[in-house]
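Student: Quick one: the structure is below, and I'll ask about it shortly.
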Amino acid sequence: MDFSRQKRMLQYFWIDKIGNVLFRLSWHLVHAIIYFCYFMMAMVHGLESHLISRGLLRKYKYLHISKINYLAIVIESEEACRTSNVIQLLQWVAALGINHICLYDNEGLLKKSKDVILDKFDGAILFQDTHENNMLLDQPCMTLEFVSFSDGKEAVARAANVLLMKYIKSGAAASNLGEQIFSESEMSEALKTVGSGGPEPDLLLIYGPARCHLGFPAWRIRYTEIQHMGPLKSMKYGSLIKALYRYTTVRQNYGK
Amino acid sequence: MLFSLHFSPPPVIAPLPFKPLSHVPHHHHHTLNMLPSTHVLKPPLCSTMEHFTLNHHGKGGEEEEEEVDQTLPLGLRREAMPRHVAVIMDGNRRWARSRDLPVRSGYEAGARSLRTIVELCCKWGIKVLSVFAFSSDNWFRPKVEVELLMSLFERGMQEDTGIFLRENIRVSVIGDLAKLPEALQELILNLEETTKNNTHFQLIVAVSYSGQYDVVQACQRLALKAKHGLVEPGDIDASLIEQELETYCSEFPHPDLLIRTSGEFRISNFMLWQLAYTELFFAQSLWPDFGEAEFLKALLAFQQRRRRYGG
């Protein structure tokens, strides 16, 4: 009996060993399959981007660029110093017929490079030089707006102070929380007063590793389409075309 | 993306329980550990797998018992879970239309989806879930549809009060509640009061809400405080505005992850201020179809993407 028990135990021992080896093989096989799938997806993506760039995919040949009145580009601050990449990107966008662009990075590095960037585009003007948003969109030449974190939450705080001073000076009698003192349109006007009242972009492209808009002026992106493009250093013309094309096919209900 | 894949070391299976033979070398005891290493695989397309542990309590040798989190699916790390998840629950009407069902069915299916996600959040250690139930713009929908939604909110709050109390869930409702029917306003106040001391999980429901409205009402509160001498004019800064936003009712007012369903790539006036550094995940499925598998995908994507904050 002892012998049969020992025999059984030996069997269990070998089953366990073989099972362990098989499990490890399965584990590696699953990893390899997933790795292969992602490899293929990356190849397909790269090939598609190349074909789009060459104009070989019919779907992307004719973009209804007129749907994009105002384009915003968010660049992560670590990559915002890659001025040559930024200029290349702007050249692509301009070549496609988009003339009104807002450039954002959190730390304001693009603001520091604005003269270098503007020099590369004949006739391009700074957004601040125009007066009203409707005049901006009528400008035939390229307009570039440079914004940073100070044009976001900090600008809202400055605008709130403007509204507050107006409210106190008006001597209004509202004393409970339920009454409306300010409206959203008044806030929009106050933001223009403090120099942060740009138009709402139709499309916002994010270049960076994280899929977030990094503090772009929130007041202006209520209904903005947001597309994550990956790192700036890996930017591809085909990916840009694809993002713009996708935007032109979108239909918004605006909540209705 | 491709070359960030790293193979986790394969797990080691625990030996079956048996006495070691005298002539066979003694083996160390191991546990089957399905927890991932620091390098996580890209999310598989399948849904969850439970962790399990085999412990060997045999004689001799050391006994290793690792504590395995049995509530987290494969690949998720508890220390990297978002504390606050926000969801734009889009696609209920499209879901109903695609099935030739009335719009009501879409919203009811959406409510079931919400219950599932709340349950998963509680189980997986997410502390706050904010959901965009009804925006300021939705008031422009057909009156019949708006009344239907109001009645669904009322019914949902009444029916689920027991669950909120039992599961220690705090419910907060944000938005311009003055526009809601009075009965619903009263129900909301009662529910908030009844659950205000619950601490396990917070559900924030945004009704009649817009991000711009939230900022404006925060500025209004500050204006009233200034009028009463509590705040100096000119002292208003981003931090003070932050404290007056409606999401300040939460321990974690800023979402770490925003999920929007139905394949739309925008935030539609939801928590504009709060989403500055929030990871955005746009899911293709419609909200009633957004279940555990999709939620897991979003969380895995959140945990894997390199997250950087500005400044």
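Following the order of the structure tokens, chains are lettered A, B, ..., residues in each are numbered from 1, and ligands are numbered from 1.
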If you count only C-alpha atoms, which residues fall within 6 Å of A:Asp202, apart from same-chain ones fewer than 3 positions away, as a list in words?
Tutor: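 The contact residues come out as Ile68, Tyr70 and Thr224 of chain A.
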Student: Kindly provide the residues of chain A that approach chain B to within 7 Å, each paired with its closest atom pair and their distance in Å to one decimal, based on only C-alpha atoms, listed by chain and increasing number, as JSON lines.
Tutor:
```
{"residue": "A:Met9", "atom": "CA", "partner": "B:Phe18", "partner_atom": "CA", "distance": 6.8}
{"residue": "A:Asp16", "atom": "CA", "partner": "B:Pro15", "partner_atom": "CA", "distance": 6.1}
{"residue": "A:Asn20", "atom": "CA", "partner": "B:Ile13", "partner_atom": "CA", "distance": 5.9}
{"residue": "A:Arg24", "atom": "CA", "partner": "B:Pro10", "partner_atom": "CA", "distance": 5.8}
{"residue": "A:Trp27", "atom": "CA", "partner": "B:Pro10", "partner_atom": "CA", "distance": 6.3}
{"residue": "A:His31", "atom": "CA", "partner": "B:Phe7", "partner_atom": "CA", "distance": 6.5}
{"residue": "A:Tyr38", "atom": "CA", "partner": "B:Leu2", "partner_atom": "CA", "distance": 6.1}
{"residue": "A:Phe39", "atom": "CA", "partner": "B:Leu2", "partner_atom": "CA", "distance": 6.0}
{"residue": "A:Ala42", "atom": "CA", "partner": "B:Leu2", "partner_atom": "CA", "distance": 6.7}
{"residue": "A:Asn106", "atom": "CA", "partner": "B:Gly310", "partner_atom": "CA", "distance": 5.7}
{"residue": "A:Glu107", "atom": "CA", "partner": "B:Gly311", "partner_atom": "CA", "distance": 6.4}
{"residue": "A:Lys153", "atom": "CA", "partner": "B:Ala238", "partner_atom": "CA", "distance": 5.9}
{"residue": "A:Glu154", "atom": "CA", "partner": "B:Ala238", "partner_atom": "CA", "distance": 5.8}
{"residue": "A:Ala157", "atom": "CA", "partner": "B:Asp237", "partner_atom": "CA", "distance": 4.9}
{"residue": "A:Ala160", "atom": "CA", "partner": "B:Cys219", "partner_atom": "CA", "distance": 6.0}
{"residue": "A:Asn161", "atom": "CA", "partner": "B:Gly234", "partner_atom": "CA", "distance": 5.6}
{"residue": "A:Leu164", "atom": "CA", "partner": "B:Ala223", "partner_atom": "CA", "distance": 5.6}
{"residue": "A:Met165", "atom": "CA", "partner": "B:Pro233", "partner_atom": "CA", "distance": 7.0}
{"residue": "A:Ser175", "atom": "CA", "partner": "B:Leu224", "partner_atom": "CA", "distance": 6.8}
{"residue": "A:Leu177", "atom": "CA", "partner": "B:Arg221", "partner_atom": "CA", "distance": 6.7}
{"residue": "A:Ile181", "atom": "CA", "partner": "B:Gln220", "partner_atom": "CA", "distance": 6.2}
{"residue": "A:Phe182", "atom": "CA", "partner": "B:Gln220", "partner_atom": "CA", "distance": 6.6}
{"residue": "A:Ser183", "atom": "CA", "partner": "B:Val216", "partner_atom": "CA", "distance": 6.8}
{"residue": "A:Glu184", "atom": "CA", "partner": "B:Val216", "partner_atom": "CA", "distance": 6.4}
{"residue": "A:Pro209", "atom": "CA", "partner": "B:Arg306", "partner_atom": "CA", "distance": 6.2}
{"residue": "A:Ala210", "atom": "CA", "partner": "B:Arg307", "partner_atom": "CA", "distance": 5.2}
{"residue": "A:Arg211", "atom": "CA", "partner": "B:Glu279", "partner_atom": "CA", "distance": 5.3}
{"residue": "A:Cys212", "atom": "CA", "partner": "B:Glu279", "partner_atom": "CA", "distance": 5.0}
{"residue": "A:His213", "atom": "CA", "partner": "B:Ala276", "partner_atom": "CA", "distance": 6.1}
{"residue": "A:Leu214", "atom": "CA", "partner": "B:Tyr277", "partner_atom": "CA", "distance": 5.2}
{"residue": "A:Gly215", "atom": "CA", "partner": "B:Ala276", "partner_atom": "CA", "distance": 4.3}
{"residue": "A:Ala218", "atom": "CA", "partner": "B:Leu272", "partner_atom": "CA", "distance": 5.2}
{"residue": "A:Trp219", "atom": "CA", "partner": "B:Gln212", "partner_atom": "CA", "distance": 6.7}
{"residue": "A:Arg222", "atom": "CA", "partner": "B:Asn269", "partner_atom": "CA", "distance": 4.2}
{"residue": "A:Tyr223", "atom": "CA", "partner": "B:Ser268", "partner_atom": "CA", "distance": 4.9}
{"residue": "A:Thr224", "atom": "CA", "partner": "B:Arg266", "partner_atom": "CA", "distance": 5.8}
{"residue": "A:Glu225", "atom": "CA", "partner": "B:Arg266", "partner_atom": "CA", "distance": 4.7}
{"residue": "A:Ile226", "atom": "CA", "partner": "B:Phe265", "partner_atom": "CA", "distance": 5.4}
{"residue": "A:Gln227", "atom": "CA", "partner": "B:Phe265", "partner_atom": "CA", "distance": 6.9}
{"residue": "A:Tyr254", "atom": "CA", "partner": "B:Asp137", "partner_atom": "CA", "distance": 6.8}
{"residue": "A:Gly255", "atom": "CA", "partner": "B:Asp137", "partner_atom": "CA", "distance": 5.0}
{"residue": "A:Lys256", "atom": "CA", "partner": "B:Arg141", "partner_atom": "CA", "distance": 4.9}
```
Student: Separation of atom CA of A:Phe127 and atom CA of A:Thr143, in Å?
Tutor: 5.6 Å
Student: Excluding A:Ile241 and residues on its chain fewer than 4 positions from it, collect all residues at most 12 Å away from it, counting only C-alpha atoms, and give them as a PyMOL selection string.
Tutor: chain A and resi 48-55+57+59-65+89+92-93+95-98+205+227+229+235-237+245-248
Student: Hey, what does DSSP flag as helix (DSSP H, G or I) within stretch 25-213 of chain A? Can you give it to me as a ChimeraX atom specification?
Tutor: /A:25-53,58-60,65-67,77-80,83-95,109-112,114-119,127-129,133-138,149-151,153-170,184-193
Student: Given the selection you just returned, output its residues as a file containing C-alpha atoms, formatted as a JSON list (two decimals), in the first residue's frame.
Tutor:
```json
[["chain", "number", "residue", "atom", "x", "y", "z"],
["A", 25, "LEU", "CA", 5.01, 27.51, -22.83],
["A", 26, "SER", "CA", 1.39, 28.62, -23.09],
["A", 27, "TRP", "CA", 2.22, 31.85, -21.31],
["A", 28, "HIS", "CA", 5.03, 32.63, -23.73],
["A", 29, "LEU", "CA", 2.85, 31.64, -26.66],
["A", 30, "VAL", "CA", 0.09, 34.03, -25.57],
["A", 31, "HIS", "CA", 2.65, 36.82, -25.16],
["A", 32, "ALA", "CA", 4.08, 36.08, -28.59],
["A", 33, "ILE", "CA", 0.64, 36.13, -30.22],
["A", 34, "ILE", "CA", -0.25, 39.44, -28.61],
["A", 35, "TYR", "CA", 3.13, 40.90, -29.52],
["A", 36, "PHE", "CA", 2.63, 39.77, -33.12],
["A", 37, "CYS", "CA", -0.86, 41.29, -33.24],
["A", 38, "TYR", "CA", 0.42, 44.64, -32.05],
["A", 39, "PHE", "CA", 3.33, 44.44, -34.46],
["A", 40, "MET", "CA", 0.93, 43.86, -37.35],
["A", 41, "MET", "CA", -1.31, 46.72, -36.19],
["A", 42, "ALA", "CA", 1.69, 49.06, -36.10],
["A", 43, "MET", "CA", 2.72, 47.92, -39.61],
["A", 44, "VAL", "CA", -0.77, 48.45, -40.95],
["A", 45, "HIS", "CA", -0.96, 51.85, -39.30],
["A", 46, "GLY", "CA", 2.41, 52.84, -40.76],
["A", 47, "LEU", "CA", 1.46, 51.61, -44.21],
["A", 48, "GLU", "CA", -1.87, 53.41, -44.09],
["A", 49, "SER", "CA", -0.14, 56.62, -43.07],
["A", 50, "HIS", "CA", 2.31, 56.24, -45.96],
["A", 51, "LEU", "CA", -0.47, 55.61, -48.47],
["A", 52, "ILE", "CA", -2.42, 58.60, -47.19],
["A", 53, "SER", "CA", 0.67, 60.79, -47.50],
["A", 58, "ARG", "CA", -9.11, 57.84, -52.32],
["A", 59, "LYS", "CA", -11.07, 58.44, -49.15],
["A", 60, "TYR", "CA", -8.53, 60.95, -47.89],
["A", 65, "ILE", "CA", -11.23, 71.64, -44.89],
["A", 66, "SER", "CA", -13.75, 74.49, -44.87],
["A", 67, "LYS", "CA", -15.39, 72.75, -41.90],
["A", 77, "SER", "CA", 6.20, 71.25, -23.03],
["A", 78, "GLU", "CA", 9.10, 68.81, -23.29],
["A", 79, "GLU", "CA", 8.59, 68.73, -27.03],
["A", 80, "ALA", "CA", 7.59, 72.36, -27.49],
["A", 83, "THR", "CA", 10.80, 74.31, -33.07],
["A", 84, "SER", "CA", 11.67, 72.66, -36.37],
["A", 85, "ASN", "CA", 9.02, 69.99, -35.79],
["A", 86, "VAL", "CA", 6.49, 72.65, -34.85],
["A", 87, "ILE", "CA", 7.25, 74.61, -38.00],
["A", 88, "GLN", "CA", 7.00, 71.48, -40.14],
["A", 89, "LEU", "CA", 3.62, 70.68, -38.61],
["A", 90, "LEU", "CA", 2.37, 74.21, -39.24],
["A", 91, "GLN", "CA", 3.59, 74.01, -42.85],
["A", 92, "TRP", "CA", 1.60, 70.82, -43.35],
["A", 93, "VAL", "CA", -1.50, 72.39, -41.84],
["A", 94, "ALA", "CA", -1.13, 75.58, -43.88],
["A", 95, "ALA", "CA", -0.61, 73.58, -47.08],
["A", 109, "LEU", "CA", 7.81, 77.81, -24.54],
["A", 110, "LEU", "CA", 6.03, 78.26, -27.84],
["A", 111, "LYS", "CA", 5.30, 81.88, -26.89],
["A", 112, "LYS", "CA", 9.05, 82.41, -26.53],
["A", 114, "LYS", "CA", 6.80, 82.84, -31.66],
["A", 115, "ASP", "CA", 9.05, 85.24, -33.57],
["A", 116, "VAL", "CA", 11.07, 82.38, -35.02],
["A", 117, "ILE", "CA", 7.88, 80.59, -36.02],
["A", 118, "LEU", "CA", 6.18, 83.64, -37.49],
["A", 119, "ASP", "CA", 9.25, 84.39, -39.59],
["A", 127, "PHE", "CA", -3.91, 86.59, -33.20],
["A", 128, "GLN", "CA", -3.74, 89.49, -30.74],
["A", 129, "ASP", "CA", -3.38, 91.87, -33.63],
["A", 133, "ASN", "CA", -13.13, 86.67, -33.42],
["A", 134, "ASN", "CA", -15.37, 87.15, -36.46],
["A", 135, "MET", "CA", -12.74, 89.42, -37.99],
["A", 136, "LEU", "CA", -10.11, 86.78, -37.27],
["A", 137, "LEU", "CA", -11.85, 84.17, -39.37],
["A", 138, "ASP", "CA", -12.21, 86.61, -42.26],
["A", 149, "PHE", "CA", -1.38, 77.91, -18.86],
["A", 150, "SER", "CA", -1.67, 81.57, -17.91],
["A", 151, "ASP", "CA", -4.40, 81.91, -20.55],
["A", 153, "LYS", "CA", -7.37, 78.95, -15.32],
["A", 154, "GLU", "CA", -5.39, 82.05, -14.41],
["A", 155, "ALA", "CA", -7.19, 84.03, -17.09],
["A", 156, "VAL", "CA", -10.55, 82.88, -15.72],
["A", 157, "ALA", "CA", -9.47, 84.11, -12.30],
["A", 158, "ARG", "CA", -8.53, 87.52, -13.77],
["A", 159, "ALA", "CA", -11.85, 87.64, -15.60],
["A", 160, "ALA", "CA", -13.66, 86.76, -12.37],
["A", 161, "ASN", "CA", -11.97, 89.74, -10.69],
["A", 162, "VAL", "CA", -13.15, 91.99, -13.52],
["A", 163, "LEU", "CA", -16.72, 90.75, -13.08],
["A", 164, "LEU", "CA", -16.49, 91.15, -9.33],
["A", 165, "MET", "CA", -15.33, 94.77, -9.57],
["A", 166, "LYS", "CA", -18.19, 95.52, -11.96],
["A", 167, "TYR", "CA", -20.65, 93.84, -9.59],
["A", 168, "ILE", "CA", -19.45, 95.76, -6.55],
["A", 169, "LYS", "CA", -19.46, 99.05, -8.43],
["A", 170, "SER", "CA", -22.98, 98.40, -9.69],
["A", 184, "GLU", "CA", -21.74, 82.77, -19.22],
["A", 185, "SER", "CA", -21.72, 85.44, -21.92],
["A", 186, "GLU", "CA", -20.52, 88.01, -19.38],
["A", 187, "MET", "CA", -17.67, 85.69, -18.47],
["A", 188, "SER", "CA", -16.79, 85.36, -22.15],
["A", 189, "GLU", "CA", -16.69, 89.15, -22.47],
["A", 190, "ALA", "CA", -14.57, 89.45, -19.34],
["A", 191, "LEU", "CA", -12.11, 86.92, -20.78],
["A", 192, "LYS", "CA", -11.77, 89.09, -23.89],
["A", 193, "THR", "CA", -11.13, 92.07, -21.65]]
```
Student: Between atom CA of B:Leu300 and atom CA of B:Val87, what is the spacing in Å?
Tutor: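 Calculated distance between atom CA of B:Val87 and atom CA of B:Leu300 is 15.9 Å.
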Student: As a tab-separated table (two decimals) with C-alpha atoms, in the first residue's frame, please: every residue in stretch 60-108 of chain A that a backbone DSSP assignment puts in strand (DSSP E or B).
Tutor:
```
chain	number	residue	atom	x	y	z
A	71	LEU	CA	-7.52	74.52	-35.29
A	72	ALA	CA	-5.77	74.19	-31.93
A	73	ILE	CA	-2.56	72.24	-31.43
A	74	VAL	CA	-1.45	71.24	-27.94
A	75	ILE	CA	2.18	70.24	-27.58
A	100	HIS	CA	-6.17	80.03	-38.30
A	101	ILE	CA	-4.26	78.09	-35.72
A	102	CYS	CA	-3.81	78.24	-31.97
A	103	LEU	CA	-0.64	76.77	-30.49
A	104	TYR	CA	-0.57	75.77	-26.84
```
Student: Using only C-alpha atoms, which of A:Gly19, A:Gly123, A:Gly171, A:Gly198 sits nearest A:Glu145?
Tutor: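 Going through A:Gly19, A:Gly123, A:Gly171, A:Gly198 one by one, the smallest distance to A:Glu145 is for A:Gly198.
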